[in-house]
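So this block is my_file02.tsv, TSV, C-alpha atoms:
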```tsv
chain	number	residue	atom	x	y	z
A	1	MET	CA	0.00	0.00	0.00
A	2	VAL	CA	2.72	2.47	0.95
A	3	ASP	CA	4.46	1.98	-2.41
A	4	ALA	CA	1.26	2.64	-4.37
A	5	VAL	CA	0.46	5.72	-2.29
A	6	SER	CA	4.02	7.02	-2.67
A	7	ALA	CA	3.96	6.62	-6.45
A	8	SER	CA	1.00	8.95	-6.82
A	9	MET	CA	1.86	11.38	-4.00
A	10	ARG	CA	2.86	14.32	-6.22
A	11	ALA	CA	-0.37	14.08	-8.23
A	12	ARG	CA	-2.48	14.06	-5.07
A	13	THR	CA	-0.61	16.56	-2.90
A	14	GLY	CA	1.70	18.54	-5.16
A	15	ARG	CA	4.77	17.18	-3.34
A	16	THR	CA	6.78	13.98	-3.42
A	17	VAL	CA	7.21	11.81	-0.34
A	18	SER	CA	10.76	13.19	-0.01
A	19	ASP	CA	9.38	16.74	-0.13
A	20	TRP	CA	6.97	15.88	2.66
A	21	VAL	CA	9.70	14.27	4.76
A	22	GLU	CA	11.68	17.50	4.44
A	23	ALA	CA	8.57	19.46	5.47
A	24	VAL	CA	8.20	17.28	8.58
A	25	ALA	CA	11.83	17.98	9.49
A	26	ALA	CA	11.41	21.72	8.87
A	27	ALA	CA	8.34	21.76	11.11
A	28	GLY	CA	10.42	20.39	13.98
A	29	ILE	CA	8.21	17.35	14.56
A	30	ASP	CA	9.92	14.26	15.96
A	31	PRO	CA	9.90	11.90	12.95
A	32	LEU	CA	9.84	8.88	15.26
A	33	ASP	CA	6.50	10.04	16.71
A	34	GLN	CA	4.42	8.81	13.80
A	35	LEU	CA	1.16	9.81	15.46
A	36	ALA	CA	2.36	13.41	15.80
A	37	VAL	CA	3.54	13.43	12.18
A	38	ARG	CA	0.20	12.07	10.92
A	39	ARG	CA	-1.76	14.52	13.08
A	40	TRP	CA	0.28	17.46	11.74
A	41	LEU	CA	-0.16	16.31	8.14
A	42	LYS	CA	-3.92	16.08	8.63
A	43	ASP	CA	-4.45	19.24	10.69
A	44	ALA	CA	-1.99	21.55	8.95
A	45	HIS	CA	-2.25	20.25	5.39
A	46	GLY	CA	-5.43	18.15	5.07
A	47	ILE	CA	-3.44	15.12	3.87
A	48	PRO	CA	-5.59	11.97	3.52
A	49	GLN	CA	-4.99	9.01	5.85
A	50	ASN	CA	-3.11	6.63	3.54
A	51	SER	CA	-0.81	9.45	2.44
A	52	GLN	CA	-0.23	10.38	6.09
A	53	TRP	CA	0.96	6.82	6.79
A	54	ALA	CA	3.29	6.77	3.78
A	55	ILE	CA	4.87	10.09	4.76
A	56	ALA	CA	5.14	9.18	8.45
A	57	PHE	CA	6.82	5.85	7.61
A	58	ALA	CA	9.26	7.56	5.25
A	59	ALA	CA	10.11	10.24	7.84
A	60	ALA	CA	10.65	7.63	10.56
A	61	GLU	CA	12.75	5.41	8.29
A	62	ARG	CA	14.93	8.38	7.36
A	63	ALA	CA	15.44	8.95	11.11
A	64	GLY	CA	16.60	5.35	11.55
A	65	TRP	CA	13.40	3.52	12.43
A	66	VAL	CA	13.15	-0.03	11.12
A	67	ARG	CA	9.69	-1.50	10.76
A	68	PRO	CA	9.46	-4.77	12.73
A	69	SER	CA	8.80	-8.00	10.88
A	70	ALA	CA	5.51	-9.86	11.31
A	71	ASP	CA	7.31	-12.04	13.88
A	72	GLY	CA	8.48	-8.91	15.69
A	73	TYR	CA	4.93	-7.63	15.90
A	74	ALA	CA	3.73	-11.08	17.03
A	75	ASP	CA	6.39	-11.15	19.75
A	76	THR	CA	4.93	-7.92	21.13
A	77	LEU	CA	1.30	-9.06	20.76
A	78	TYR	CA	1.92	-12.30	22.63
A	79	ALA	CA	4.15	-10.97	25.40
A	80	GLY	CA	3.39	-11.25	29.08
A	81	PRO	CA	0.11	-12.92	30.04
A	82	LYS	CA	-0.69	-13.68	26.38
A	83	THR	CA	2.46	-15.78	25.84
A	84	ALA	CA	0.50	-19.03	26.06
A	85	LEU	CA	-1.49	-18.06	22.93
A	86	ARG	CA	1.61	-17.83	20.69
A	87	PRO	CA	1.88	-21.56	19.78
A	88	LEU	CA	-1.80	-21.58	18.76
A	89	HIS	CA	-1.25	-18.39	16.75
A	90	ASP	CA	1.75	-19.97	15.02
A	91	ALA	CA	-0.24	-23.13	14.18
A	92	VAL	CA	-3.13	-21.16	12.63
A	93	LEU	CA	-0.72	-18.87	10.80
A	94	ALA	CA	1.13	-21.86	9.32
A	95	ILE	CA	-2.16	-23.20	7.94
A	96	ALA	CA	-3.08	-19.82	6.43
A	97	LEU	CA	0.36	-19.36	4.87
A	98	GLY	CA	0.23	-22.90	3.49
A	99	LEU	CA	-2.88	-22.19	1.42
A	100	GLY	CA	-0.86	-20.84	-1.50
A	101	PRO	CA	2.47	-19.39	-2.54
A	102	ASP	CA	0.90	-15.92	-2.79
A	103	THR	CA	0.22	-15.55	0.94
A	104	GLU	CA	2.13	-13.28	3.27
A	105	ALA	CA	1.93	-12.46	6.97
A	106	GLN	CA	2.31	-8.77	7.69
A	107	GLY	CA	2.71	-6.89	10.93
A	108	ARG	CA	0.39	-4.48	12.66
A	109	SER	CA	0.50	-3.26	16.23
A	110	THR	CA	-2.79	-4.93	17.18
A	111	TYR	CA	-3.07	-7.96	14.86
A	112	ILE	CA	-1.24	-10.02	12.25
A	113	PRO	CA	-2.95	-9.86	8.84
A	114	VAL	CA	-2.57	-12.65	6.30
A	115	VAL	CA	-2.70	-11.24	2.79
A	116	ARG	CA	-3.12	-12.61	-0.69
A	117	ALA	CA	-4.30	-10.04	-3.26
A	118	THR	CA	-6.12	-8.56	-0.26
A	119	GLN	CA	-6.24	-9.44	3.40
A	120	PHE	CA	-8.17	-12.65	3.98
A	121	ALA	CA	-7.38	-13.46	7.62
A	122	ALA	CA	-6.16	-11.77	10.78
A	123	LEU	CA	-4.87	-13.17	14.06
A	124	ALA	CA	-4.71	-11.52	17.47
A	125	PRO	CA	-5.17	-12.23	21.13
A	126	GLY	CA	-8.89	-12.18	21.81
A	127	PRO	CA	-10.98	-11.64	24.90
A	128	ARG	CA	-10.79	-13.90	27.95
A	129	GLY	CA	-7.67	-15.79	26.92
A	130	THR	CA	-8.77	-16.67	23.39
A	131	LEU	CA	-7.08	-16.48	20.02
A	132	ARG	CA	-9.17	-14.33	17.68
A	133	VAL	CA	-9.13	-15.49	14.05
A	134	GLY	CA	-10.77	-12.97	11.74
A	135	LEU	CA	-11.86	-13.97	8.24
A	136	ARG	CA	-12.84	-11.81	5.30
A	137	LEU	CA	-15.66	-13.74	3.63
A	138	ARG	CA	-16.95	-11.83	0.63
A	139	THR	CA	-19.47	-14.21	-0.90
A	140	GLN	CA	-20.18	-17.48	0.88
A	141	VAL	CA	-19.91	-18.04	4.62
A	142	PRO	CA	-18.92	-21.59	5.64
A	143	ASP	CA	-21.36	-23.44	7.87
A	144	ASP	CA	-19.54	-23.68	11.19
A	145	PRO	CA	-21.25	-22.92	14.51
A	146	ARG	CA	-18.08	-21.25	15.86
A	147	LEU	CA	-18.17	-18.60	13.13
A	148	GLU	CA	-19.72	-15.27	14.21
A	149	PRO	CA	-20.11	-11.90	12.50
A	150	ALA	CA	-17.08	-9.77	13.36
A	151	LYS	CA	-17.38	-6.36	14.98
A	152	GLY	CA	-14.73	-3.92	13.77
A	153	PHE	CA	-11.72	-6.23	13.63
A	154	ALA	CA	-9.08	-5.99	10.92
A	155	GLN	CA	-11.30	-6.00	7.81
A	156	ALA	CA	-12.84	-9.28	9.01
A	157	THR	CA	-16.47	-10.01	8.24
A	158	HIS	CA	-16.50	-13.02	10.57
A	159	TRP	CA	-14.42	-14.40	13.40
A	160	VAL	CA	-13.76	-17.45	15.53
A	161	HIS	CA	-12.36	-17.39	19.05
A	162	LEU	CA	-10.27	-20.43	19.95
A	163	PRO	CA	-9.79	-20.97	23.68
A	164	GLY	CA	-6.16	-20.54	24.65
A	165	THR	CA	-6.28	-23.97	26.22
A	166	SER	CA	-7.13	-25.61	22.88
A	167	PRO	CA	-4.75	-28.33	21.72
A	168	LEU	CA	-2.65	-27.21	18.75
A	169	SER	CA	-4.44	-29.83	16.65
A	170	ASP	CA	-7.60	-27.69	16.90
A	171	ALA	CA	-5.94	-25.20	14.56
A	172	ALA	CA	-6.46	-27.70	11.73
A	173	THR	CA	-10.25	-27.43	12.20
A	174	LEU	CA	-10.01	-23.85	10.90
A	175	GLU	CA	-8.51	-24.89	7.56
A	176	PRO	CA	-11.84	-25.03	5.65
A	177	MET	CA	-12.78	-21.54	6.84
A	178	LEU	CA	-9.31	-20.14	6.10
A	179	ALA	CA	-9.41	-21.78	2.66
A	180	ALA	CA	-12.81	-20.22	1.92
A	181	ALA	CA	-11.51	-16.77	2.87
A	182	TYR	CA	-8.34	-17.34	0.83
A	183	LEU	CA	-10.34	-18.27	-2.29
A	184	GLN	CA	-12.68	-15.29	-1.90
A	185	ASN	CA	-9.83	-12.79	-1.71
A	186	GLY	CA	-7.69	-13.68	-4.72
```
Please express the file's structure as structure tokens.
Amino acid sequence: MVDAVSASMRARTGRTVSDWVEAVAAAGIDPLDQLAVRRWLKDAHGIPQNSQWAIAFAAAERAGWVRPSADGYADTLYAGPKTALRPLHDAVLAIALGLGPDTEAQGRSTYIPVVRATQFAALAPGPRGTLRVGLRLRTQVPDDPRLEPAKGFAQATHWVHLPGTSPLSDAATLEPMLAAAYLQNG
């Protein structure tokens, strides 16, 4: 997404990403405070959200910030009391990534999206010690009593919550639902 936004930045804003990074520096905003950079871009210049992210990432990278890998984000998500959920997360993620050579896990601060042409699944610690598995089902919803409509989670239309105490073999029961989401997002 950032690459596509960057490529058309001049047409949309009149400046290149590099121009905007220089403007951030000239404004005296800490480039490592991405929230402050995005807020300034919106409030002072009316820059749209996706462009804000592209500029903030570029400014932070120029200042030495390195975006964590998906594993790095997962390490943070499953730290502390959520550590016990990590093996279940890894088992579900392995199934999702095994659905095709065009899948990729990405990192976000609150969830791990699994992307094909578009995001088709998302994993995160859920409520009450569960692993939340969000699915983006565009056309047909598999018949599984565990599947519920999602409420504002990571582009998911539906989700399943696996108890953290589930055996790792329970991850395999999600394969038909993950496969359906994969096929509907190609």
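Minimum atom-to-atom distances from A:Pro149, A:Pro163, A:Pro81, A:Pro113 to A:Leu131 were compared using only C-alpha atoms, and the lowest value belongs to A:Pro163.
What separates atom CA of A:Gly107 from atom CA of A:Ala56 is a distance of 16.4 Å.
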Next item on the list: Considering all atoms listed in the file, return as an NGL selection string whatever protein or nucleic-acid residues lie within 10 Å of A:Thr13, sequence-local ones (same chain, fewer than 4 positions apart) excluded.
Entry: :A and (8-9 or 17 or 20 or 45-48 or 51)
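Nearest-residue note for A:Thr118: choosing from A:Ala79, A:Ala54, A:Ala172, A:Ala181, the minimum distance belongs to A:Ala181, counting all atoms listed in the file.
Atom pair atom CA of A:His158 / atom CA of A:Leu93: separated by 16.8 Å.
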Next item on the list: Determine, counting only C-alpha atoms, which protein, DNA and RNA residues have an atom within 9 Å of an atom of A:Ser109; residues of the same chain fewer than 4 positions away are not included. Present the result as a PyMOL selection string.
Entry: chain A and resi 73-74+76-77
Note to self: Which residues are near A:Pro125? Cut-off 9 Å, all atoms listed in the file, ignore same chain within fewer than 5 positions. Put them as an MDAnalysis selection string.
What the structure shows: chainID A and resid 77:78 82 85:86 89 110:111 130:133
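Of note, atom CA of A:Ala121 and atom CA of A:Gly80 are spaced 24.1 Å apart.
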Residues within 8 Å of A:Pro31, please, as an mmCIF file with C-alpha atoms, in the coordinates of the input. Count all atoms listed in the file; anything in the same chain fewer than 4 positions from it doesn't count.
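What ended up in result-v7.cif:
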```cif
data_model
loop_
_atom_site.group_PDB
_atom_site.id
_atom_site.type_symbol
_atom_site.label_atom_id
_atom_site.label_comp_id
_atom_site.auth_asym_id
_atom_site.auth_seq_id
_atom_site.Cartn_x
_atom_site.Cartn_y
_atom_site.Cartn_z
ATOM 1 C CA VAL A 24 8.200 17.280 8.580
ATOM 2 C CA ALA A 25 11.830 17.980 9.490
ATOM 3 C CA VAL A 37 3.540 13.430 12.180
ATOM 4 C CA ALA A 56 5.140 9.180 8.450
ATOM 5 C CA ALA A 59 10.110 10.240 7.840
ATOM 6 C CA ALA A 60 10.650 7.630 10.560
ATOM 7 C CA ALA A 63 15.440 8.950 11.110
#
```
Notebook entry, point to check: Near A:Val115, counting all atoms listed in the file, which residues have an atom at most 9 Å away, once you skip same-chain residues fewer than 4 positions from it, shown as a list in words?
Noted result: Leu97, Asp102, Thr103, Glu104, Ala105, Gln106, Gln119, Phe120, Ala121, Ala122, Tyr182 and Asn185 of chain A
Export stretch 115-137 of chain A of the preceding structure, keeping N, CA and C atoms, as a compact mmCIF listing (two decimals), in the first residue's frame.
```txt
# COMPACT_ATOMS: atom_id res chain seq x y z
N VAL A 115 -2.31 -11.92 4.01
CA VAL A 115 -2.70 -11.24 2.79
C VAL A 115 -2.42 -12.11 1.58
N ARG A 116 -3.31 -12.04 0.64
CA ARG A 116 -3.12 -12.61 -0.69
C ARG A 116 -3.15 -11.40 -1.62
N ALA A 117 -4.11 -11.29 -2.53
CA ALA A 117 -4.30 -10.04 -3.26
C ALA A 117 -4.82 -8.98 -2.30
N THR A 118 -5.64 -9.41 -1.36
CA THR A 118 -6.12 -8.56 -0.26
C THR A 118 -6.06 -9.39 1.02
N GLN A 119 -6.25 -8.74 2.12
CA GLN A 119 -6.24 -9.44 3.40
C GLN A 119 -7.39 -10.43 3.46
N PHE A 120 -7.10 -11.67 3.85
CA PHE A 120 -8.17 -12.65 3.98
C PHE A 120 -8.31 -13.19 5.40
N ALA A 121 -7.32 -12.99 6.24
CA ALA A 121 -7.38 -13.46 7.62
C ALA A 121 -6.59 -12.52 8.51
N ALA A 122 -6.89 -12.56 9.79
CA ALA A 122 -6.16 -11.77 10.78
C ALA A 122 -6.15 -12.53 12.09
N LEU A 123 -5.03 -12.47 12.79
CA LEU A 123 -4.87 -13.17 14.06
C LEU A 123 -4.48 -12.19 15.15
N ALA A 124 -5.05 -12.38 16.34
CA ALA A 124 -4.71 -11.52 17.47
C ALA A 124 -5.18 -12.18 18.75
N PRO A 125 -4.60 -11.78 19.86
CA PRO A 125 -5.17 -12.23 21.13
C PRO A 125 -6.60 -11.71 21.22
N GLY A 126 -7.49 -12.57 21.67
CA GLY A 126 -8.89 -12.18 21.81
C GLY A 126 -9.26 -12.00 23.27
N PRO A 127 -10.54 -11.84 23.53
CA PRO A 127 -10.98 -11.64 24.90
C PRO A 127 -10.91 -12.93 25.72
N ARG A 128 -10.74 -12.79 27.00
CA ARG A 128 -10.79 -13.90 27.95
C ARG A 128 -9.88 -15.07 27.57
N GLY A 129 -8.66 -14.76 27.18
CA GLY A 129 -7.67 -15.79 26.92
C GLY A 129 -7.88 -16.59 25.66
N THR A 130 -8.53 -15.98 24.66
CA THR A 130 -8.77 -16.67 23.39
C THR A 130 -7.85 -16.15 22.30
N LEU A 131 -7.72 -16.93 21.24
CA LEU A 131 -7.08 -16.48 20.02
C LEU A 131 -8.18 -16.08 19.06
N ARG A 132 -8.17 -14.82 18.63
CA ARG A 132 -9.17 -14.33 17.68
C ARG A 132 -8.64 -14.57 16.26
N VAL A 133 -9.45 -15.25 15.45
CA VAL A 133 -9.13 -15.49 14.05
C VAL A 133 -10.20 -14.80 13.22
N GLY A 134 -9.83 -13.70 12.58
CA GLY A 134 -10.77 -12.97 11.74
C GLY A 134 -10.67 -13.43 10.30
N LEU A 135 -11.80 -13.51 9.63
CA LEU A 135 -11.86 -13.97 8.24
C LEU A 135 -12.63 -12.95 7.41
N ARG A 136 -12.14 -12.69 6.23
CA ARG A 136 -12.84 -11.81 5.30
C ARG A 136 -13.55 -12.69 4.28
N LEU A 137 -14.84 -12.87 4.50
CA LEU A 137 -15.66 -13.74 3.63
C LEU A 137 -16.56 -12.85 2.79
```
